[in-house]
Structures are given as structure tokens and as C-alpha cells.
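Asks: After the C-alpha cells below, expect a handful of questions from me.
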Amino acid sequence: MTLLQRTLSLITDRIRTMPVLVLFPHSRCNCRCVMCDIWQGNGTLHELSIEKIERHMDDIRRLGVRWVVLSGGEALMHSEIFALCRAFRREDIKVTILSTGLLLKKWASEIVETCSEVIVSLDGSPVVHDRIRHIPRAFDRLAEGVSAIKSIRSSFRIAARCVLQKLNFRDLPNIITTAHRLGLDQVSFLSADVSSNAFNRAIPWDDERVNTVALDAKEAEVFRETVDEVINDFETDFETGFIAESPDKLRRLVTYYDALLGRKTFPPVTCNAPWVSTVVEADGTVRPCFFHPPLGNIYEKPLEAILNSNEAIQFRKQLDVSSDPICQRCVCSLNMSPTAKV
């Protein structure tokens, strides 16, 4: 992308290069997590077929996609998941699978062969993890899967991400220790999204449901103390990057829950996700990110036509991330250069 093209993109908000494509290849999930509603749609199956994706491969090439993230639900439940991975790898595209970890052992060889990395959900030390996942032996199956992959290729990257919320925030030091014990390469942390329509919520949660996940005032104070202790006790893990967030970014999670309580403003968000990425859900719905309303559907129009429709361009022109209420409450913003290495 030339300097002129980058300048024109900033002026017109037309997408000329899009390094990140997030796909929900499969609509179902094999966990029943308290902070997510995707599993509640398990009665309806949507799946992005490899034939449908290949019809959009010319657009994916033209847009310069360099990183595909297979999210969900559980991507490994897709009937042709590894054929899908191979299709992207043939295009020299990095492939990351986000997984609950329950199927890692079953598909360890195929994952190592066709994927670039796996990011697993880790919600706590064993008992806490299983309580949040609502699946017996969820932690044991995750551990067995990580071990199976590492036994095939010890250098294969497996990271973890953890949503810190009411049921596990006190377990934060144990989560880091557990990530080491599992042999993971990195662990990152998010606060829980309790205010959007994302993750299969037909309507936003009511106060009762929010209170099962978000922290109350006393818990927020304990969380602040816990984060301070972690910053002091795990200094080396911050320095090496084993903990993905800096100490200041970890403290932002405390501020986020304070803001939900009305005690502080939400931490400032720096994000350009709608300009460098897009999300395609299992039913073909295209969104500018996980949280904003749909732009179209790939079963009706080509991907590039959706991203550069008049409506999509106007959306990006008018979006002020610093003041938009959806952006202000975002728990997983993205900020990257269109030409950044992925």
C-alpha cells in the first residue's frame, strides 16, 4: 500500500487493505460459560462452508488479508475446519484458532499441521475453570489438549486469554501460575462484556444478569488489591511478555468495573478495528467489529462490496471511537497499522 493509498483511505474511509479477518465458522459451542450466551443458540446450526469462503477468496486477496482468526463458539466443531485452515494457509495467511480447549487432544495433529497458533480460554485454576465453563473435566481436557499439541511440536504457540469477572477475579495469581504449569506461551486478560448485543444476545442483559458477572463495589476494591499484588509478585512475567498486558493495562480492568458502577469514567479507548478488520459470523453476517451493528451478509453480496458500501463508508466516517457509547464500553479493542506485521 503506497503512501498515497493510505492517505486516500484516511480521507475516504474506503477499505483498501484489511489485514485481519475474524470468522465465526461454527455457531455452536461445547461450553456453557456464565459470561457468554453463544451456547444458548446451540439448537440452531450455522456453518460457514469452505465453498462459500472460497467464493470470497478473490476479495480476501485484494484486501490483503494476512491474518485469519477463527472464533466462535467453538471453531473446532466445524465439519471442515482443517480444509478451511488449509485454504488460508495456501494463501500464506496466518491462521489462529480460538478454542475452549475441549477438542484439542482429538485434533492435535491436524491443528499443528494446518494452523499457526491456538488461543485457549483459561478461566482459572482447575476448580474455578470448571465452575465457569459448566463442563465436567473441562480443565483436564484443556490440559490434555495442550500437552498433546506440545508433544507433537514443542514450539507450537499456544496462548490463553482469560475474562476476569465475579467468579474468578480473586483467582488471578493462580491463573498465571496455572498458565505456566500448562506450558502455555502467554496469557492475556479482559474484563467481561456485560453491556452489548454481542455473543448471541438478542437484547442486552438486564441488571440481574449483569450482577452475576460484573463486580460490586466491595469486589472492585478486592480486585484492585489483587491486581497490585500481581504486579508486584509477577514482575518477571510482565517483563518477558508472558503476561500480555502491561501493569497499566491490567489496572484498566479495575477501572472498567469501577466505571460500570458509576464511580469512574471508562478508560479511554484507542481502536481502529473497523478500518483494519472485519467480523463474519456463522450465518454470513458481516460486522465492523464484534460489537457494532451488521453491515451486510456474504450470502447476499461480495465481502469487499459490503465493506465499501456507502453505508459502511458512512459508518466509518461518522464513528468517533472516543465518544461512541459502544466503543467506550469495549472490552477488546484493536489498534494496529494496516501494514503491521501479524
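Every chain in the C-alpha cells has a letter given in the order shown (A, B, ...), and although residue numbers restart at 1 in each chain, ligands are simply numbered from 1 in the order shown.
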Please build the interface table for stretch 63-136 of chain A against stretch 11-23 of chain A with a cut-off of 8 Å, listing for each qualifying residue the nearest atom pair and the distance in Å to one decimal; count only C-alpha atoms, order rows by chain and increasing number, and write it as a Markdown table.

Replies:
| residue | atom | partner | partner_atom | distance |
| --- | --- | --- | --- | --- |
| A:Leu63 | CA | A:Thr17 | CA | 4.6 |
| A:Gly64 | CA | A:Thr17 | CA | 5.4 |
| A:Val65 | CA | A:Pro19 | CA | 4.3 |
| A:Arg66 | CA | A:Pro19 | CA | 5.0 |
| A:Trp67 | CA | A:Val20 | CA | 4.9 |
| A:Val68 | CA | A:Leu21 | CA | 4.8 |
| A:Val69 | CA | A:Val22 | CA | 4.7 |
| A:Leu70 | CA | A:Leu23 | CA | 5.0 |
| A:Ser71 | CA | A:Leu23 | CA | 5.9 |
| A:Gly72 | CA | A:Leu23 | CA | 7.8 |

Asks: Find the spatial neighbours of stretch 165-182 of chain A, counting only C-alpha atoms, within a cut-off of 6 Å - ignore same-chain residues fewer than 3 positions away - and output them as JSON, numbers by chain.

Replies: {"A": [124, 125, 213, 214, 215]}

Asks: Would you pick out the contacts of A:Thr265 at 12 Å or less, using only C-alpha atoms, so that residues sharing its chain but fewer than 3 positions from it are not included, and give the list as a list of chain:residue names?

Replies: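 Residues near the query, excluding close chain neighbours: A:Arg252, A:Val254, A:Thr255, A:Tyr256, A:Tyr257, A:Asp258, A:Ala259, A:Leu260, A:Leu261, A:Gly262, A:Pro268, A:Val269, A:Ser323, A:Pro325, A:Gln328, A:Arg329.
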
Asks: Mind checking which residues fall within 10 Å of stretch 244-246 of chain A, counting only C-alpha atoms, ignoring those fewer than 2 positions away in the same chain, and posting them as a PyMOL selection string?

Replies: chain A and resi 159-161+186-190+231+237-242+248-252

Asks: Between A:Val286, A:Ser151, A:Ala83, A:Ser196, which one has atoms that come closest to A:Glu110, using only C-alpha atoms?

Replies: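 Of the candidates, the smallest distance to A:Glu110 is held by A:Ala83.
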
Asks: Could you give me, as a ChimeraX atom specification, the residues within 10 Å of A:Phe88, counting only C-alpha atoms and dropping anything in the same chain fewer than 4 positions from it?

Replies: /A:53-54,57,60,65-68,82-84,92-95,114-115

Asks: List every residue of stretch 71-245 of chain A that DSSP, applied to the backbone of this structure, places in strand (DSSP E or B), and write the result as a list of chain:residue names.

Replies: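 Going through stretch 71-245 of chain A, the strand (DSSP E or B) residues come out as A:Lys94, A:Val95, A:Thr96, A:Ile97, A:Leu98, A:Ser99, A:Glu117, A:Val118, A:Ile119, A:Val120, A:Ser121, A:Arg157, A:Ile158, A:Ala159, A:Ala160, A:Arg161, A:Cys162, A:Val163, A:Leu164, A:Gln186, A:Val187, A:Ser188, A:Phe189, A:Leu190, A:Ser191, A:Ile243.
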
Asks: Only N, CA and C atoms, please: the residues just picked out, written as a PDB file, in the first residue's frame.

Replies:
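Written out: part-v4.pdb:
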ATOM      1  N   LYS A  94      -1.779 -16.172   8.040  1.00  0.00           N
ATOM      2  CA  LYS A  94      -1.672 -16.696   9.404  1.00  0.00           C
ATOM      3  C   LYS A  94      -3.058 -17.122   9.889  1.00  0.00           C
ATOM      4  N   VAL A  95      -3.139 -18.305  10.509  1.00  0.00           N
ATOM      5  CA  VAL A  95      -4.419 -18.828  10.990  1.00  0.00           C
ATOM      6  C   VAL A  95      -4.342 -19.063  12.494  1.00  0.00           C
ATOM      7  N   THR A  96      -5.207 -18.381  13.231  1.00  0.00           N
ATOM      8  CA  THR A  96      -5.304 -18.546  14.675  1.00  0.00           C
ATOM      9  C   THR A  96      -6.667 -19.135  15.016  1.00  0.00           C
ATOM     10  N   ILE A  97      -6.674 -20.181  15.819  1.00  0.00           N
ATOM     11  CA  ILE A  97      -7.931 -20.755  16.290  1.00  0.00           C
ATOM     12  C   ILE A  97      -8.139 -20.375  17.751  1.00  0.00           C
ATOM     13  N   LEU A  98      -9.312 -19.810  18.054  1.00  0.00           N
ATOM     14  CA  LEU A  98      -9.715 -19.575  19.432  1.00  0.00           C
ATOM     15  C   LEU A  98     -10.536 -20.775  19.878  1.00  0.00           C
ATOM     16  N   SER A  99     -10.174 -21.364  21.000  1.00  0.00           N
ATOM     17  CA  SER A  99     -10.795 -22.635  21.376  1.00  0.00           C
ATOM     18  C   SER A  99     -11.074 -22.722  22.869  1.00  0.00           C
ATOM     19  N   GLU A 117      -1.312 -20.952  15.278  1.00  0.00           N
ATOM     20  CA  GLU A 117      -1.322 -20.878  16.730  1.00  0.00           C
ATOM     21  C   GLU A 117      -2.733 -21.158  17.234  1.00  0.00           C
ATOM     22  N   VAL A 118      -2.827 -21.433  18.527  1.00  0.00           N
ATOM     23  CA  VAL A 118      -4.107 -21.613  19.200  1.00  0.00           C
ATOM     24  C   VAL A 118      -4.148 -20.671  20.393  1.00  0.00           C
ATOM     25  N   ILE A 119      -5.294 -20.052  20.610  1.00  0.00           N
ATOM     26  CA  ILE A 119      -5.525 -19.276  21.827  1.00  0.00           C
ATOM     27  C   ILE A 119      -6.680 -19.937  22.563  1.00  0.00           C
ATOM     28  N   VAL A 120      -6.404 -20.443  23.756  1.00  0.00           N
ATOM     29  CA  VAL A 120      -7.418 -21.151  24.526  1.00  0.00           C
ATOM     30  C   VAL A 120      -8.028 -20.233  25.577  1.00  0.00           C
ATOM     31  N   SER A 121      -9.239 -20.572  25.982  1.00  0.00           N
ATOM     32  CA  SER A 121      -9.884 -19.869  27.088  1.00  0.00           C
ATOM     33  C   SER A 121      -9.461 -20.531  28.388  1.00  0.00           C
ATOM     34  N   ARG A 157       2.822 -22.446  19.129  1.00  0.00           N
ATOM     35  CA  ARG A 157       2.403 -21.429  20.089  1.00  0.00           C
ATOM     36  C   ARG A 157       0.977 -21.663  20.566  1.00  0.00           C
ATOM     37  N   ILE A 158       0.825 -21.757  21.867  1.00  0.00           N
ATOM     38  CA  ILE A 158      -0.495 -21.832  22.498  1.00  0.00           C
ATOM     39  C   ILE A 158      -0.556 -20.767  23.587  1.00  0.00           C
ATOM     40  N   ALA A 159      -1.413 -19.809  23.410  1.00  0.00           N
ATOM     41  CA  ALA A 159      -1.607 -18.747  24.391  1.00  0.00           C
ATOM     42  C   ALA A 159      -2.978 -18.924  25.040  1.00  0.00           C
ATOM     43  N   ALA A 160      -3.227 -18.166  26.086  1.00  0.00           N
ATOM     44  CA  ALA A 160      -4.522 -18.208  26.767  1.00  0.00           C
ATOM     45  C   ALA A 160      -5.039 -16.801  26.950  1.00  0.00           C
ATOM     46  N   ARG A 161      -6.351 -16.691  26.932  1.00  0.00           N
ATOM     47  CA  ARG A 161      -6.954 -15.425  27.326  1.00  0.00           C
ATOM     48  C   ARG A 161      -7.987 -15.728  28.396  1.00  0.00           C
ATOM     49  N   CYS A 162      -8.134 -14.810  29.300  1.00  0.00           N
ATOM     50  CA  CYS A 162      -8.990 -15.012  30.460  1.00  0.00           C
ATOM     51  C   CYS A 162      -9.871 -13.788  30.658  1.00  0.00           C
ATOM     52  N   VAL A 163     -11.166 -14.021  30.786  1.00  0.00           N
ATOM     53  CA  VAL A 163     -12.111 -12.952  31.117  1.00  0.00           C
ATOM     54  C   VAL A 163     -12.222 -12.904  32.637  1.00  0.00           C
ATOM     55  N   LEU A 164     -11.742 -11.828  33.221  1.00  0.00           N
ATOM     56  CA  LEU A 164     -11.798 -11.675  34.673  1.00  0.00           C
ATOM     57  C   LEU A 164     -13.147 -11.082  35.066  1.00  0.00           C
ATOM     58  N   GLN A 186       1.804 -17.682  26.668  1.00  0.00           N
ATOM     59  CA  GLN A 186       1.398 -16.332  27.077  1.00  0.00           C
ATOM     60  C   GLN A 186      -0.009 -16.401  27.659  1.00  0.00           C
ATOM     61  N   VAL A 187      -0.336 -15.435  28.484  1.00  0.00           N
ATOM     62  CA  VAL A 187      -1.700 -15.305  28.984  1.00  0.00           C
ATOM     63  C   VAL A 187      -2.084 -13.833  28.935  1.00  0.00           C
ATOM     64  N   SER A 188      -3.326 -13.571  28.534  1.00  0.00           N
ATOM     65  CA  SER A 188      -3.825 -12.197  28.479  1.00  0.00           C
ATOM     66  C   SER A 188      -5.164 -12.126  29.204  1.00  0.00           C
ATOM     67  N   PHE A 189      -5.563 -10.912  29.563  1.00  0.00           N
ATOM     68  CA  PHE A 189      -6.742 -10.729  30.402  1.00  0.00           C
ATOM     69  C   PHE A 189      -7.677  -9.665  29.837  1.00  0.00           C
ATOM     70  N   LEU A 190      -8.969  -9.925  29.966  1.00  0.00           N
ATOM     71  CA  LEU A 190     -10.016  -8.998  29.551  1.00  0.00           C
ATOM     72  C   LEU A 190     -11.005  -8.829  30.697  1.00  0.00           C
ATOM     73  N   SER A 191     -11.714  -7.713  30.690  1.00  0.00           N
ATOM     74  CA  SER A 191     -12.892  -7.609  31.545  1.00  0.00           C
ATOM     75  C   SER A 191     -14.072  -8.188  30.783  1.00  0.00           C
ATOM     76  N   ILE A 243       2.818 -12.365  30.554  1.00  0.00           N
ATOM     77  CA  ILE A 243       1.544 -11.648  30.731  1.00  0.00           C
ATOM     78  C   ILE A 243       1.489 -10.591  29.637  1.00  0.00           C
TER      79      ILE A 243
END

Asks: Work out how far apart atom CA of A:Asn310 and atom CA of A:Asp283 are and give it in Å to one decimal.

Replies: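 These atoms are spaced 22.5 Å apart.
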
Asks: Where does DSSP see alpha helix (DSSP H) in stretch 27-275 of chain A, if you list the residues as a PyMOL selection string?

Replies: chain A and resi 50-55+57-62+81-90+108-114+126-133+138-152+172-182+207-210+217-233+235-240+247-260+273-275

Asks: Near A:Ile298, within 12 Å and counting only C-alpha atoms, which residues show up once chain neighbours fewer than 2 positions away are dropped, as a PyMOL selection string?

Replies: chain A and resi 23+48-49+52-57+59+279-287+294-296+300-307

Asks: Could you jot down the atom CA of A:Glu235 to atom CA of A:Ala143 separation for me, Å, one decimal place?

Replies: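 A separation of 25.3 Å between them.
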
Asks: How many Å separate atom CA of A:Pro293 from atom CA of A:Asp193?

Replies: 15.8 Å

Asks: When you count only C-alpha atoms, which of these residues is closest to A:Lys106: A:Lys150, A:Arg141, A:His129, A:His134?

Replies: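 Of A:Lys150, A:Arg141, A:His129, A:His134, the one nearest A:Lys106 is A:Arg141, counting only C-alpha atoms.
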